[in-house]
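Source file work01.cif; content: mmCIF, C-alpha atoms, pLDDT in the B column; chains and numbers go by the auth columns.
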```cif
data_work
#
loop_
_atom_site.group_PDB
_atom_site.id
_atom_site.type_symbol
_atom_site.label_atom_id
_atom_site.label_comp_id
_atom_site.label_asym_id
_atom_site.label_seq_id
_atom_site.Cartn_x
_atom_site.Cartn_y
_atom_site.Cartn_z
_atom_site.B_iso_or_equiv
_atom_site.auth_seq_id
_atom_site.auth_asym_id
ATOM 1 C CA MET A 1 -37.606 10.702 2.085 71.00 1 A
ATOM 2 C CA LYS A 2 -34.387 12.021 3.681 66.00 2 A
ATOM 3 C CA ARG A 3 -33.639 8.542 5.014 68.00 3 A
ATOM 4 C CA LEU A 4 -34.036 7.035 1.554 53.00 4 A
ATOM 5 C CA VAL A 5 -31.645 9.578 0.034 52.00 5 A
ATOM 6 C CA LEU A 6 -29.153 8.982 2.842 51.00 6 A
ATOM 7 C CA LEU A 7 -29.408 5.222 2.319 50.00 7 A
ATOM 8 C CA ILE A 8 -28.829 5.551 -1.433 64.00 8 A
ATOM 9 C CA VAL A 9 -25.838 7.850 -0.938 57.00 9 A
ATOM 10 C CA SER A 10 -24.380 5.478 1.655 61.00 10 A
ATOM 11 C CA LEU A 11 -24.789 2.489 -0.636 62.00 11 A
ATOM 12 C CA LEU A 12 -23.171 4.319 -3.553 64.00 12 A
ATOM 13 C CA PHE A 13 -20.233 5.328 -1.381 59.00 13 A
ATOM 14 C CA ALA A 14 -19.789 1.759 -0.115 58.00 14 A
ATOM 15 C CA PHE A 15 -19.890 0.455 -3.681 59.00 15 A
ATOM 16 C CA MET A 16 -17.260 2.951 -4.860 59.00 16 A
ATOM 17 C CA VAL A 17 -14.934 2.114 -1.962 50.00 17 A
ATOM 18 C CA SER A 18 -15.292 -1.641 -2.450 47.00 18 A
ATOM 19 C CA THR A 19 -14.798 -1.313 -6.215 44.00 19 A
ATOM 20 C CA SER A 20 -11.518 0.569 -5.808 47.00 20 A
ATOM 21 C CA ALA A 21 -10.335 -1.935 -3.215 48.00 21 A
ATOM 22 C CA MET A 22 -11.097 -4.789 -5.603 51.00 22 A
ATOM 23 C CA ALA A 23 -9.019 -3.109 -8.317 69.00 23 A
ATOM 24 C CA ALA A 24 -5.822 -3.964 -6.455 91.00 24 A
ATOM 25 C CA ASP A 25 -4.457 -7.470 -6.841 97.00 25 A
ATOM 26 C CA ILE A 26 -2.962 -8.348 -3.448 98.00 26 A
ATOM 27 C CA GLU A 27 -1.502 -11.651 -4.680 98.00 27 A
ATOM 28 C CA HIS A 28 0.219 -9.860 -7.543 98.00 28 A
ATOM 29 C CA GLY A 29 1.437 -7.250 -5.050 98.00 29 A
ATOM 30 C CA GLU A 30 2.968 -10.028 -2.961 98.00 30 A
ATOM 31 C CA GLN A 31 4.826 -11.335 -6.030 98.00 31 A
ATOM 32 C CA ILE A 32 6.137 -7.858 -6.831 98.00 32 A
ATOM 33 C CA PHE A 33 7.150 -7.356 -3.189 98.00 33 A
ATOM 34 C CA THR A 34 8.961 -10.696 -3.057 98.00 34 A
ATOM 35 C CA ALA A 35 10.856 -9.993 -6.274 98.00 35 A
ATOM 36 C CA ASN A 36 11.750 -6.348 -5.607 98.00 36 A
ATOM 37 C CA CYS A 37 11.339 -5.380 -1.963 98.00 37 A
ATOM 38 C CA ALA A 38 11.847 -8.406 0.274 98.00 38 A
ATOM 39 C CA ALA A 39 15.653 -8.210 0.192 98.00 39 A
ATOM 40 C CA CYS A 40 15.430 -5.091 2.381 98.00 40 A
ATOM 41 C CA HIS A 41 11.887 -5.379 3.764 98.00 41 A
ATOM 42 C CA ALA A 42 11.320 -9.081 4.534 98.00 42 A
ATOM 43 C CA GLY A 43 8.619 -9.494 7.133 98.00 43 A
ATOM 44 C CA GLY A 44 7.917 -5.763 7.061 98.00 44 A
ATOM 45 C CA ASN A 45 11.345 -4.977 8.482 98.00 45 A
ATOM 46 C CA ASN A 46 14.024 -2.667 7.105 98.00 46 A
ATOM 47 C CA VAL A 47 17.608 -3.955 6.998 97.00 47 A
ATOM 48 C CA ILE A 48 19.066 -0.563 6.013 97.00 48 A
ATOM 49 C CA MET A 49 17.195 1.680 8.482 96.00 49 A
ATOM 50 C CA PRO A 50 15.817 -0.661 11.176 97.00 50 A
ATOM 51 C CA GLU A 51 13.663 2.038 12.769 97.00 51 A
ATOM 52 C CA LYS A 52 11.738 2.651 9.517 96.00 52 A
ATOM 53 C CA THR A 53 9.847 -0.595 9.099 98.00 53 A
ATOM 54 C CA LEU A 54 6.672 -1.327 7.166 98.00 54 A
ATOM 55 C CA LYS A 55 4.822 -2.092 10.396 98.00 55 A
ATOM 56 C CA LYS A 56 1.491 -0.343 10.937 98.00 56 A
ATOM 57 C CA GLU A 57 2.666 1.846 13.816 98.00 57 A
ATOM 58 C CA THR A 58 5.770 2.991 11.945 98.00 58 A
ATOM 59 C CA LEU A 59 3.845 3.731 8.754 98.00 59 A
ATOM 60 C CA GLU A 60 1.443 5.837 10.822 98.00 60 A
ATOM 61 C CA GLU A 61 4.288 7.595 12.667 98.00 61 A
ATOM 62 C CA TYR A 62 5.973 8.674 9.432 97.00 62 A
ATOM 63 C CA GLY A 63 2.759 9.532 7.537 98.00 63 A
ATOM 64 C CA MET A 64 3.164 6.558 5.210 98.00 64 A
ATOM 65 C CA LYS A 65 -0.015 4.573 5.965 98.00 65 A
ATOM 66 C CA SER A 66 -1.785 5.271 2.675 98.00 66 A
ATOM 67 C CA ILE A 67 -1.723 3.993 -0.882 98.00 67 A
ATOM 68 C CA ASP A 68 -0.704 7.453 -2.127 98.00 68 A
ATOM 69 C CA ALA A 69 2.246 7.785 0.272 98.00 69 A
ATOM 70 C CA ILE A 70 3.575 4.284 -0.404 98.00 70 A
ATOM 71 C CA THR A 71 3.064 4.649 -4.150 98.00 71 A
ATOM 72 C CA TYR A 72 4.971 7.935 -4.133 98.00 72 A
ATOM 73 C CA GLN A 73 7.865 6.397 -2.170 98.00 73 A
ATOM 74 C CA VAL A 74 8.079 3.331 -4.428 98.00 74 A
ATOM 75 C CA ASN A 75 7.950 5.497 -7.566 98.00 75 A
ATOM 76 C CA ASN A 76 10.510 8.057 -6.426 98.00 76 A
ATOM 77 C CA GLY A 77 12.617 6.333 -3.789 98.00 77 A
ATOM 78 C CA LYS A 78 14.077 8.143 -0.782 96.00 78 A
ATOM 79 C CA ASN A 79 17.393 7.985 1.032 94.00 79 A
ATOM 80 C CA ALA A 80 18.784 4.462 0.522 94.00 80 A
ATOM 81 C CA MET A 81 15.613 3.212 -1.188 97.00 81 A
ATOM 82 C CA PRO A 82 15.898 3.286 -4.980 97.00 82 A
ATOM 83 C CA ALA A 83 13.140 4.604 -7.226 98.00 83 A
ATOM 84 C CA PHE A 84 11.125 1.860 -8.916 98.00 84 A
ATOM 85 C CA GLY A 85 9.028 4.139 -11.141 98.00 85 A
ATOM 86 C CA GLU A 86 11.176 3.332 -14.167 97.00 86 A
ATOM 87 C CA ARG A 87 11.276 -0.420 -13.435 98.00 87 A
ATOM 88 C CA LEU A 88 7.714 -1.251 -12.393 98.00 88 A
ATOM 89 C CA SER A 89 4.387 -0.397 -13.990 98.00 89 A
ATOM 90 C CA SER A 90 1.926 1.841 -12.160 97.00 90 A
ATOM 91 C CA GLU A 91 -0.294 -1.238 -11.702 98.00 91 A
ATOM 92 C CA ASP A 92 2.604 -3.171 -10.134 98.00 92 A
ATOM 93 C CA ILE A 93 3.297 -0.292 -7.757 98.00 93 A
ATOM 94 C CA GLU A 94 -0.359 0.100 -6.786 98.00 94 A
ATOM 95 C CA ASP A 95 -0.606 -3.637 -6.133 98.00 95 A
ATOM 96 C CA VAL A 96 2.534 -3.682 -3.993 98.00 96 A
ATOM 97 C CA ALA A 97 1.313 -0.648 -2.031 98.00 97 A
ATOM 98 C CA ASN A 98 -1.968 -2.432 -1.323 98.00 98 A
ATOM 99 C CA TYR A 99 -0.063 -5.568 -0.319 98.00 99 A
ATOM 100 C CA VAL A 100 2.141 -3.589 2.094 98.00 100 A
ATOM 101 C CA LEU A 101 -0.898 -1.953 3.728 98.00 101 A
ATOM 102 C CA SER A 102 -2.731 -5.261 3.992 98.00 102 A
ATOM 103 C CA GLN A 103 0.275 -6.897 5.625 98.00 103 A
ATOM 104 C CA ALA A 104 0.795 -3.959 7.969 98.00 104 A
ATOM 105 C CA ASP A 105 -2.828 -4.237 9.084 98.00 105 A
ATOM 106 C CA LYS A 106 -2.318 -7.977 9.678 98.00 106 A
ATOM 107 C CA GLY A 107 0.872 -7.401 11.654 98.00 107 A
ATOM 108 C CA TRP A 108 3.136 -8.945 8.995 97.00 108 A
#
```

How would this structure read if it were set down as structure tokens?
Amino acid sequence: MKRLVLLIVSLLFAFMVSTSAMAADIEHGEQIFTANCAACHAGGNNVIMPEKTLKKETLEEYGMKSIDAITYQVNNGKNAMPAFGERLSSEDIEDVANYVLSQADKGW
């Protein structure tokens, strides 16, 4: 009985995780990135602050390897990066954050 309950809980968790991952539109995120971010971050680089790239290792080093962290940064800006919260919808920002993480995991 315990195994059955554990199996059901595991399946529900997997379904919830996959459903939230499907909510993001990576292709749309790429379009948003190309139109708004690529001038400074082409290929996951950073032309203003070269040491702060969008590469997986750098995102991890600076505590930025999460949807929440990237979304916050895009919304509010920081240092030379402007805030996009007034220019982009929350859906656009979520999609671009998912795109950035997917590209970081692929190595840009």

Measure the distance from CA of Gly29 (chain A) to CA of Asn75 (chain A) in Å and round it to one decimal. 14.5 Å

Test item: the PyMOL selection byres ((chain A and resi 73) around 12) resolved as number ranges by chain: A: 59, 62-72, 74-85, 93-94, 96-97

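Of the listed residues (A:Glu91, A:Val100, A:His41, A:Asp105), A:Glu91 comes nearest to Ala24 (chain A); the distances count only C-alpha atoms.
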
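Of note, CA of Asn98 (chain A) and CA of Asn45 (chain A) are spaced 16.7 Å apart.
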
Selection dump of the PyMOL selection byres ((chain A and resi 43) around 10), as JSON, numbers by chain: {"A": [38, 39, 40, 41, 42, 44, 45, 46, 53, 54, 55, 103, 104, 107, 108]}

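Reported to one decimal place, the separation of CA of Asp95 (chain A) from CA of Ile32 (chain A) is 8.0 Å.
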